[in-house]
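Enquirer: Take a look at coords17.txt, compact mmCIF, N, CA and C atoms:
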```txt
# COMPACT_ATOMS: atom_id res chain seq x y z
N PRO A 651 0.84 -1.20 0.00
CA PRO A 651 0.00 0.00 0.00
C PRO A 651 0.88 1.25 0.00
N HIS A 652 0.42 2.23 -0.75
CA HIS A 652 1.14 3.50 -0.83
C HIS A 652 0.48 4.50 0.10
N PRO A 653 1.28 5.38 0.69
CA PRO A 653 0.66 6.42 1.52
C PRO A 653 -0.14 7.36 0.63
N PRO A 654 -1.14 8.02 1.18
CA PRO A 654 -1.95 8.94 0.37
C PRO A 654 -1.11 10.09 -0.17
N VAL A 655 -1.47 10.55 -1.36
CA VAL A 655 -0.77 11.68 -1.99
C VAL A 655 -1.32 12.97 -1.38
N THR A 656 -0.42 13.79 -0.94
CA THR A 656 -0.83 15.05 -0.31
C THR A 656 -0.74 16.19 -1.33
N ALA A 657 -1.30 17.32 -0.98
CA ALA A 657 -1.21 18.51 -1.82
C ALA A 657 0.25 18.92 -1.97
N GLU A 658 1.03 18.72 -0.93
CA GLU A 658 2.46 19.03 -0.98
C GLU A 658 3.17 18.12 -1.99
N ASP A 659 2.81 16.85 -2.01
CA ASP A 659 3.38 15.91 -2.99
C ASP A 659 3.05 16.35 -4.41
N GLU A 660 1.81 16.74 -4.64
CA GLU A 660 1.39 17.16 -5.97
C GLU A 660 2.12 18.43 -6.41
N GLU A 661 2.30 19.36 -5.49
CA GLU A 661 3.04 20.58 -5.81
C GLU A 661 4.50 20.26 -6.13
N HIS A 662 5.09 19.36 -5.39
CA HIS A 662 6.48 18.95 -5.64
C HIS A 662 6.58 18.31 -7.03
N TYR A 663 5.64 17.46 -7.38
CA TYR A 663 5.62 16.84 -8.70
C TYR A 663 5.51 17.90 -9.80
N ARG A 664 4.60 18.87 -9.64
CA ARG A 664 4.44 19.94 -10.64
C ARG A 664 5.73 20.73 -10.81
N THR A 665 6.42 20.99 -9.71
CA THR A 665 7.69 21.71 -9.77
C THR A 665 8.74 20.90 -10.53
N LEU A 666 8.83 19.61 -10.23
CA LEU A 666 9.79 18.75 -10.94
C LEU A 666 9.47 18.68 -12.43
N LEU A 667 8.18 18.58 -12.77
CA LEU A 667 7.79 18.51 -14.16
C LEU A 667 8.16 19.80 -14.90
N GLU A 668 7.93 20.93 -14.30
CA GLU A 668 8.29 22.21 -14.93
C GLU A 668 9.80 22.32 -15.10
N THR A 669 10.55 21.87 -14.13
CA THR A 669 12.01 21.88 -14.24
C THR A 669 12.45 21.00 -15.40
N PHE A 670 11.86 19.81 -15.50
CA PHE A 670 12.17 18.89 -16.60
C PHE A 670 11.81 19.52 -17.94
N ARG A 671 10.64 20.11 -18.02
CA ARG A 671 10.16 20.68 -19.29
C ARG A 671 11.10 21.75 -19.83
N HIS A 672 11.72 22.52 -18.96
CA HIS A 672 12.56 23.64 -19.40
C HIS A 672 14.05 23.30 -19.44
N SER A 673 14.42 22.14 -19.00
CA SER A 673 15.82 21.73 -19.01
C SER A 673 16.23 21.28 -20.41
N GLU A 674 17.42 21.69 -20.84
CA GLU A 674 17.94 21.24 -22.13
C GLU A 674 18.59 19.87 -22.06
N LEU A 675 18.66 19.30 -20.88
CA LEU A 675 19.21 17.95 -20.76
C LEU A 675 18.31 16.96 -21.49
N PRO A 676 18.90 16.04 -22.25
CA PRO A 676 18.06 15.07 -22.96
C PRO A 676 17.38 14.11 -22.00
N PRO A 677 16.14 13.74 -22.30
CA PRO A 677 15.46 12.75 -21.45
C PRO A 677 16.01 11.35 -21.70
N LEU A 678 15.72 10.45 -20.79
CA LEU A 678 16.17 9.07 -20.94
C LEU A 678 15.50 8.38 -22.12
N GLU A 679 14.28 8.75 -22.40
CA GLU A 679 13.56 8.20 -23.55
C GLU A 679 13.35 9.31 -24.56
N THR A 680 13.74 9.09 -25.80
CA THR A 680 13.66 10.13 -26.82
C THR A 680 12.25 10.69 -26.96
N SER A 681 11.24 9.86 -26.89
CA SER A 681 9.87 10.33 -27.05
C SER A 681 9.47 11.36 -26.00
N LEU A 682 10.16 11.36 -24.86
CA LEU A 682 9.81 12.32 -23.80
C LEU A 682 10.24 13.74 -24.12
N TRP A 683 10.96 13.95 -25.24
CA TRP A 683 11.19 15.32 -25.70
C TRP A 683 9.84 15.99 -25.97
N LEU A 684 8.82 15.21 -26.26
CA LEU A 684 7.50 15.79 -26.53
C LEU A 684 6.90 16.48 -25.31
N LEU A 685 7.41 16.19 -24.12
CA LEU A 685 6.96 16.86 -22.90
C LEU A 685 7.67 18.19 -22.67
N LYS A 686 8.74 18.41 -23.41
CA LYS A 686 9.54 19.61 -23.21
C LYS A 686 8.82 20.84 -23.77
N THR A 687 9.26 22.00 -23.32
CA THR A 687 8.68 23.24 -23.80
C THR A 687 9.01 23.45 -25.28
N PRO A 688 8.09 24.00 -26.06
CA PRO A 688 8.34 24.22 -27.49
C PRO A 688 9.54 25.13 -27.77
N THR A 689 9.96 25.93 -26.82
CA THR A 689 11.12 26.80 -27.05
C THR A 689 12.42 26.01 -27.26
N LEU A 690 12.43 24.73 -26.90
CA LEU A 690 13.61 23.90 -27.11
C LEU A 690 13.65 23.27 -28.50
N ILE A 691 12.60 23.45 -29.28
CA ILE A 691 12.55 22.88 -30.62
C ILE A 691 13.41 23.74 -31.54
N ARG A 692 14.34 23.10 -32.23
CA ARG A 692 15.25 23.81 -33.13
C ARG A 692 14.71 23.89 -34.56
N ALA A 693 13.90 22.91 -34.95
CA ALA A 693 13.34 22.87 -36.30
C ALA A 693 12.22 21.84 -36.35
N THR A 694 11.34 21.99 -37.32
CA THR A 694 10.30 21.00 -37.55
C THR A 694 10.27 20.65 -39.04
N PHE A 695 9.80 19.46 -39.34
CA PHE A 695 9.82 18.97 -40.71
C PHE A 695 8.58 18.14 -40.97
N GLU A 696 8.12 18.18 -42.20
CA GLU A 696 7.01 17.33 -42.62
C GLU A 696 7.52 16.01 -43.18
N GLU A 697 8.69 16.03 -43.80
CA GLU A 697 9.23 14.86 -44.48
C GLU A 697 10.47 14.31 -43.77
N PRO A 698 10.56 13.00 -43.63
CA PRO A 698 11.74 12.39 -43.00
C PRO A 698 13.06 12.80 -43.66
N LYS A 699 13.07 12.89 -44.99
CA LYS A 699 14.33 13.24 -45.68
C LYS A 699 14.78 14.65 -45.31
N ASP A 700 13.84 15.56 -45.08
CA ASP A 700 14.20 16.93 -44.67
C ASP A 700 14.76 16.94 -43.25
N ALA A 701 14.17 16.14 -42.39
CA ALA A 701 14.68 16.04 -41.01
C ALA A 701 16.07 15.43 -41.01
N ALA A 702 16.28 14.40 -41.81
CA ALA A 702 17.59 13.77 -41.88
C ALA A 702 18.62 14.72 -42.49
N ALA A 703 18.21 15.54 -43.44
CA ALA A 703 19.14 16.53 -44.02
C ALA A 703 19.57 17.54 -42.95
N TRP A 704 18.62 17.96 -42.11
CA TRP A 704 18.97 18.85 -40.99
C TRP A 704 19.98 18.17 -40.08
N LEU A 705 19.72 16.90 -39.76
CA LEU A 705 20.65 16.14 -38.93
C LEU A 705 22.03 16.11 -39.57
N GLY A 706 22.09 15.89 -40.87
CA GLY A 706 23.37 15.87 -41.58
C GLY A 706 24.11 17.19 -41.46
N ARG A 707 23.38 18.30 -41.57
CA ARG A 707 24.02 19.62 -41.43
C ARG A 707 24.55 19.82 -40.01
N GLU A 708 23.77 19.40 -39.02
CA GLU A 708 24.21 19.53 -37.62
C GLU A 708 25.45 18.68 -37.35
N LEU A 709 25.44 17.45 -37.87
CA LEU A 709 26.60 16.57 -37.69
C LEU A 709 27.84 17.16 -38.36
N THR A 710 27.67 17.68 -39.57
CA THR A 710 28.79 18.28 -40.29
C THR A 710 29.33 19.49 -39.54
N ASP A 711 28.43 20.33 -39.04
CA ASP A 711 28.85 21.54 -38.33
C ASP A 711 29.62 21.22 -37.04
N HIS A 712 29.18 20.18 -36.34
CA HIS A 712 29.78 19.86 -35.03
C HIS A 712 30.90 18.83 -35.08
N SER A 713 31.01 18.09 -36.17
CA SER A 713 31.98 16.98 -36.21
C SER A 713 33.43 17.39 -35.97
N PRO A 714 33.88 18.60 -36.36
CA PRO A 714 35.27 18.95 -36.04
C PRO A 714 35.56 18.95 -34.53
N GLY A 715 34.54 19.10 -33.71
CA GLY A 715 34.73 19.12 -32.27
C GLY A 715 34.52 17.80 -31.58
N PHE A 716 34.15 16.74 -32.33
CA PHE A 716 33.92 15.43 -31.71
C PHE A 716 35.19 14.95 -31.04
N LEU A 717 35.04 14.46 -29.85
CA LEU A 717 36.19 13.95 -29.09
C LEU A 717 36.80 12.73 -29.77
N SER A 718 35.96 11.91 -30.40
CA SER A 718 36.42 10.71 -31.08
C SER A 718 36.53 10.98 -32.58
N HIS A 719 37.71 10.74 -33.14
CA HIS A 719 37.90 10.91 -34.58
C HIS A 719 37.09 9.89 -35.37
N GLN A 720 36.86 8.71 -34.80
CA GLN A 720 36.05 7.70 -35.48
C GLN A 720 34.62 8.18 -35.65
N GLU A 721 34.08 8.87 -34.63
CA GLU A 721 32.71 9.37 -34.74
C GLU A 721 32.59 10.49 -35.77
N ALA A 722 33.69 11.19 -36.04
CA ALA A 722 33.67 12.30 -36.99
C ALA A 722 33.90 11.85 -38.43
N ASP A 723 34.13 10.57 -38.64
CA ASP A 723 34.37 10.05 -39.99
C ASP A 723 33.18 10.38 -40.89
N THR A 724 33.45 11.02 -42.04
CA THR A 724 32.37 11.48 -42.91
C THR A 724 31.52 10.33 -43.45
N ALA A 725 32.13 9.20 -43.75
CA ALA A 725 31.35 8.04 -44.24
C ALA A 725 30.41 7.55 -43.16
N ARG A 726 30.88 7.52 -41.92
CA ARG A 726 30.03 7.08 -40.80
C ARG A 726 28.87 8.05 -40.62
N LEU A 727 29.16 9.35 -40.69
CA LEU A 727 28.09 10.35 -40.52
C LEU A 727 27.06 10.23 -41.65
N ALA A 728 27.52 9.97 -42.86
CA ALA A 728 26.58 9.78 -43.98
C ALA A 728 25.69 8.57 -43.74
N ARG A 729 26.25 7.50 -43.18
CA ARG A 729 25.43 6.32 -42.86
C ARG A 729 24.39 6.65 -41.79
N LEU A 730 24.77 7.46 -40.81
CA LEU A 730 23.81 7.85 -39.77
C LEU A 730 22.63 8.61 -40.38
N VAL A 731 22.92 9.49 -41.31
CA VAL A 731 21.85 10.26 -41.97
C VAL A 731 20.95 9.33 -42.78
N THR A 732 21.55 8.41 -43.52
CA THR A 732 20.78 7.46 -44.34
C THR A 732 19.88 6.58 -43.48
N THR A 733 20.44 6.02 -42.42
CA THR A 733 19.63 5.17 -41.55
C THR A 733 18.58 5.98 -40.80
N SER A 734 18.88 7.24 -40.52
CA SER A 734 17.89 8.10 -39.84
C SER A 734 16.68 8.33 -40.74
N THR A 735 16.92 8.54 -42.02
CA THR A 735 15.81 8.72 -42.95
C THR A 735 14.91 7.49 -42.93
N ALA A 736 15.50 6.31 -42.98
CA ALA A 736 14.72 5.07 -42.96
C ALA A 736 13.95 4.93 -41.65
N ARG A 737 14.60 5.20 -40.55
CA ARG A 737 13.94 5.06 -39.25
C ARG A 737 12.77 6.05 -39.12
N LEU A 738 12.99 7.29 -39.53
CA LEU A 738 11.91 8.28 -39.45
C LEU A 738 10.76 7.92 -40.37
N THR A 739 11.07 7.37 -41.52
CA THR A 739 10.03 6.95 -42.47
C THR A 739 9.12 5.90 -41.85
N HIS A 740 9.68 5.08 -40.97
CA HIS A 740 8.90 4.03 -40.30
C HIS A 740 8.34 4.50 -38.96
N GLY A 741 8.45 5.80 -38.66
CA GLY A 741 7.86 6.35 -37.45
C GLY A 741 8.69 6.16 -36.19
N THR A 742 9.98 5.86 -36.33
CA THR A 742 10.84 5.64 -35.18
C THR A 742 11.68 6.88 -34.91
N ASP A 743 11.81 7.25 -33.66
CA ASP A 743 12.63 8.39 -33.27
C ASP A 743 14.11 8.11 -33.51
N VAL A 744 14.88 9.18 -33.61
CA VAL A 744 16.32 9.09 -33.80
C VAL A 744 16.99 9.94 -32.74
N SER A 745 18.01 9.40 -32.11
CA SER A 745 18.72 10.15 -31.08
C SER A 745 20.20 9.77 -31.09
N PHE A 746 21.06 10.79 -31.11
CA PHE A 746 22.50 10.58 -31.09
C PHE A 746 23.13 11.50 -30.06
N GLY A 747 24.25 11.07 -29.53
CA GLY A 747 25.00 11.89 -28.60
C GLY A 747 26.48 11.78 -28.86
N PHE A 748 27.18 12.91 -28.74
CA PHE A 748 28.61 12.96 -29.02
C PHE A 748 29.30 13.83 -27.99
N TYR A 749 30.44 13.37 -27.52
CA TYR A 749 31.25 14.19 -26.62
C TYR A 749 32.04 15.18 -27.45
N LEU A 750 31.99 16.43 -26.99
CA LEU A 750 32.74 17.52 -27.62
C LEU A 750 33.73 18.02 -26.57
N GLY A 751 34.84 17.36 -26.43
CA GLY A 751 35.77 17.73 -25.38
C GLY A 751 35.37 17.06 -24.08
N ARG A 752 36.05 17.43 -23.03
CA ARG A 752 35.85 16.75 -21.75
C ARG A 752 34.56 17.12 -21.04
N MET A 753 34.08 18.33 -21.26
CA MET A 753 32.94 18.80 -20.46
C MET A 753 31.67 19.08 -21.27
N SER A 754 31.69 18.84 -22.56
CA SER A 754 30.53 19.15 -23.39
C SER A 754 29.99 17.89 -24.06
N PHE A 755 28.69 17.87 -24.23
CA PHE A 755 28.02 16.75 -24.87
C PHE A 755 26.97 17.30 -25.82
N LEU A 756 27.00 16.84 -27.06
CA LEU A 756 26.02 17.24 -28.06
C LEU A 756 24.95 16.17 -28.15
N SER A 757 23.71 16.56 -27.95
CA SER A 757 22.58 15.66 -28.08
C SER A 757 21.74 16.13 -29.26
N LEU A 758 21.51 15.24 -30.22
CA LEU A 758 20.66 15.54 -31.37
C LEU A 758 19.55 14.50 -31.40
N ALA A 759 18.32 14.97 -31.48
CA ALA A 759 17.18 14.05 -31.50
C ALA A 759 16.17 14.50 -32.54
N LEU A 760 15.65 13.54 -33.26
CA LEU A 760 14.53 13.76 -34.17
C LEU A 760 13.38 12.92 -33.64
N VAL A 761 12.30 13.59 -33.29
CA VAL A 761 11.19 12.93 -32.61
C VAL A 761 9.95 12.99 -33.50
N THR A 762 9.37 11.84 -33.77
CA THR A 762 8.14 11.81 -34.55
C THR A 762 6.96 12.10 -33.64
N CYS A 763 5.96 12.75 -34.21
CA CYS A 763 4.79 13.03 -33.36
C CYS A 763 3.51 13.08 -34.19
N THR A 764 3.30 12.04 -34.95
CA THR A 764 2.09 12.01 -35.78
C THR A 764 1.35 10.67 -35.74
N PRO A 765 1.10 10.00 -34.67
CA PRO A 765 1.61 10.18 -33.30
C PRO A 765 2.97 9.50 -33.14
N ASN A 766 3.56 9.70 -31.99
CA ASN A 766 4.83 9.06 -31.67
C ASN A 766 4.60 7.57 -31.45
N HIS A 767 5.48 6.76 -32.02
CA HIS A 767 5.34 5.30 -31.93
C HIS A 767 5.38 4.80 -30.48
N TRP A 768 6.28 5.36 -29.66
CA TRP A 768 6.48 4.87 -28.30
C TRP A 768 5.57 5.53 -27.29
N ALA A 769 5.10 6.73 -27.59
CA ALA A 769 4.26 7.47 -26.64
C ALA A 769 3.11 8.12 -27.41
N PRO A 770 2.16 7.33 -27.93
CA PRO A 770 1.11 7.89 -28.78
C PRO A 770 0.19 8.88 -28.08
N ALA A 771 0.16 8.84 -26.75
CA ALA A 771 -0.71 9.78 -26.03
C ALA A 771 -0.10 11.18 -25.92
N LEU A 772 1.20 11.30 -26.17
CA LEU A 772 1.85 12.61 -26.08
C LEU A 772 1.60 13.39 -27.35
N ARG A 773 1.20 14.64 -27.19
CA ARG A 773 0.90 15.50 -28.34
C ARG A 773 2.17 16.18 -28.83
N CYS A 774 2.14 16.59 -30.08
CA CYS A 774 3.22 17.41 -30.62
C CYS A 774 3.22 18.74 -29.89
N PRO A 775 4.36 19.24 -29.47
CA PRO A 775 4.40 20.47 -28.68
C PRO A 775 3.92 21.71 -29.44
N LEU A 776 3.95 21.68 -30.76
CA LEU A 776 3.55 22.86 -31.54
C LEU A 776 2.13 22.79 -32.07
N THR A 777 1.36 21.77 -31.67
CA THR A 777 -0.01 21.68 -32.16
C THR A 777 -0.99 22.17 -31.13
```
Turn the structure described in the file into structure tokens.

Expert:
Amino acid sequence: PHPPVTAEDEEHYRTLLETFRHSELPPLETSLWLLKTPTLIRATFEEPKDAAAWLGRELTDHSPGFLSHQEADTARLARLVTTSTARLTHGTDVSFGFYLGRMSFLSLALVTCTPNHWAPALRCPLT
């Protein structure tokens, strides 16, 4: 048995949710980006190929700073873009992370929301 939820518990939960919504830290599950505030959205796309092209530009722009030279390999990055197009076409989210030096981490995510495969009850933040 769980203790009853108090008004204080509910207020604490609301505070945590608002903190989560406005934090730029990536969620553990890619689909939970849909809970984030729309101000964190960098771009939106109707077509998977357009979203993957954006991903390709972001990877190209940031790859000189990748801590791992293997991750910055242009052929590898091209494969990531190609597979991302296929995954998005099938309604699957895409999420990548790269270390940029010792203290920085680049998180790139493409989240489907028409509806999202993993969290169909979550609405698109811009609708």

Enquirer: Looking at only N, CA and C atoms, which of A:Gly706, A:Gly715, A:Pro698, A:Pro765 is the one that sits closest to A:Arg737?

Expert: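 Closest to A:Arg737, using only N, CA and C atoms: A:Pro698.
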
Enquirer: Of the candidates A:Thr656, A:Thr735, A:Asn766, A:Ser745, which one gets nearest to A:Ala702 if we count only N, CA and C atoms?

Expert: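 Using only N, CA and C atoms, A:Ala702 sits closest to A:Thr735.
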
Enquirer: When DSSP is applied to the backbone of this structure, which of stretch 661-777 of chain A are assigned strand (DSSP E)? Write them out as a PyMOL selection string.

Expert: chain A and resi 744-749+755-760

Enquirer: Could you jot down the atom C of A:Cys774 to atom N of A:Thr739 separation for me, Å, one decimal place?

Expert: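 Here the two named atoms are 18.1 Å from each other.
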
Enquirer: Which is closest to A:His740 among A:Arg707, A:His719, A:Arg752, A:Lys699, if we use only C-alpha atoms?

Expert: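 The answer is A:Lys699, which sits nearest to A:His740.
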
Enquirer: By how many Å are atom CA of A:Ala759 and atom CA of A:Phe746 apart?

Expert: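 Taking atom CA of A:Ala759 and atom CA of A:Phe746, their separation equals 6.4 Å.
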
Enquirer: What is the distance, in Å and to one decimal place, between atom C of A:Trp768 and atom C of A:Leu685?

Expert: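 Straight-line distance from atom C of A:Trp768 to atom C of A:Leu685 works out to 13.6 Å.
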
Enquirer: With only C-alpha atoms as the basis for distance, which of A:Phe695, A:Ser754, A:Gln720, A:Thr710 is at the shortest distance from A:Leu738?

Expert: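 Smallest separation from A:Leu738 among the options: A:Phe695.
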
Enquirer: Rank nothing, just name the residue among A:Ala701, A:His662, A:Leu667, A:Asp711 nearest to A:Ser734, using all atoms listed in the file.

Expert: A:Ala701

Enquirer: Might you pull out every residue within 10 Å of A:Thr724, with only C-alpha atoms counted and same-chain residues fewer than 6 positions away left off, and present them as a PyMOL selection string?

Expert: chain A and resi 709-710+713+730

Enquirer: Within 5 Å of (10.4, 11.6, -36.3) (coordinates as in the file), grab all the protein and nucleic acid residues, counting only N, CA and C atoms, and write them out as number ranges by chain.

Expert: A: 738, 743, 760-762

Enquirer: Restricting the calculation to only C-alpha atoms: of A:Leu717, A:Val731, A:Leu690, A:Cys763, which residue gets closest to A:Trp704?

Expert: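 Of all the options, A:Val731 lies closest to A:Trp704.
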
Enquirer: Scan for residues within 9 Å of the point (3.5, 10.4, -24.3) in the coordinates of the file, using only C-alpha atoms, and reply as a list in words.

Expert: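 Residues with an atom close enough to that point: Ser681, Leu682, Leu684, Leu685, Asn766, Trp768, Ala769, Pro770, Ala771, Leu772 and Arg773 of chain A.
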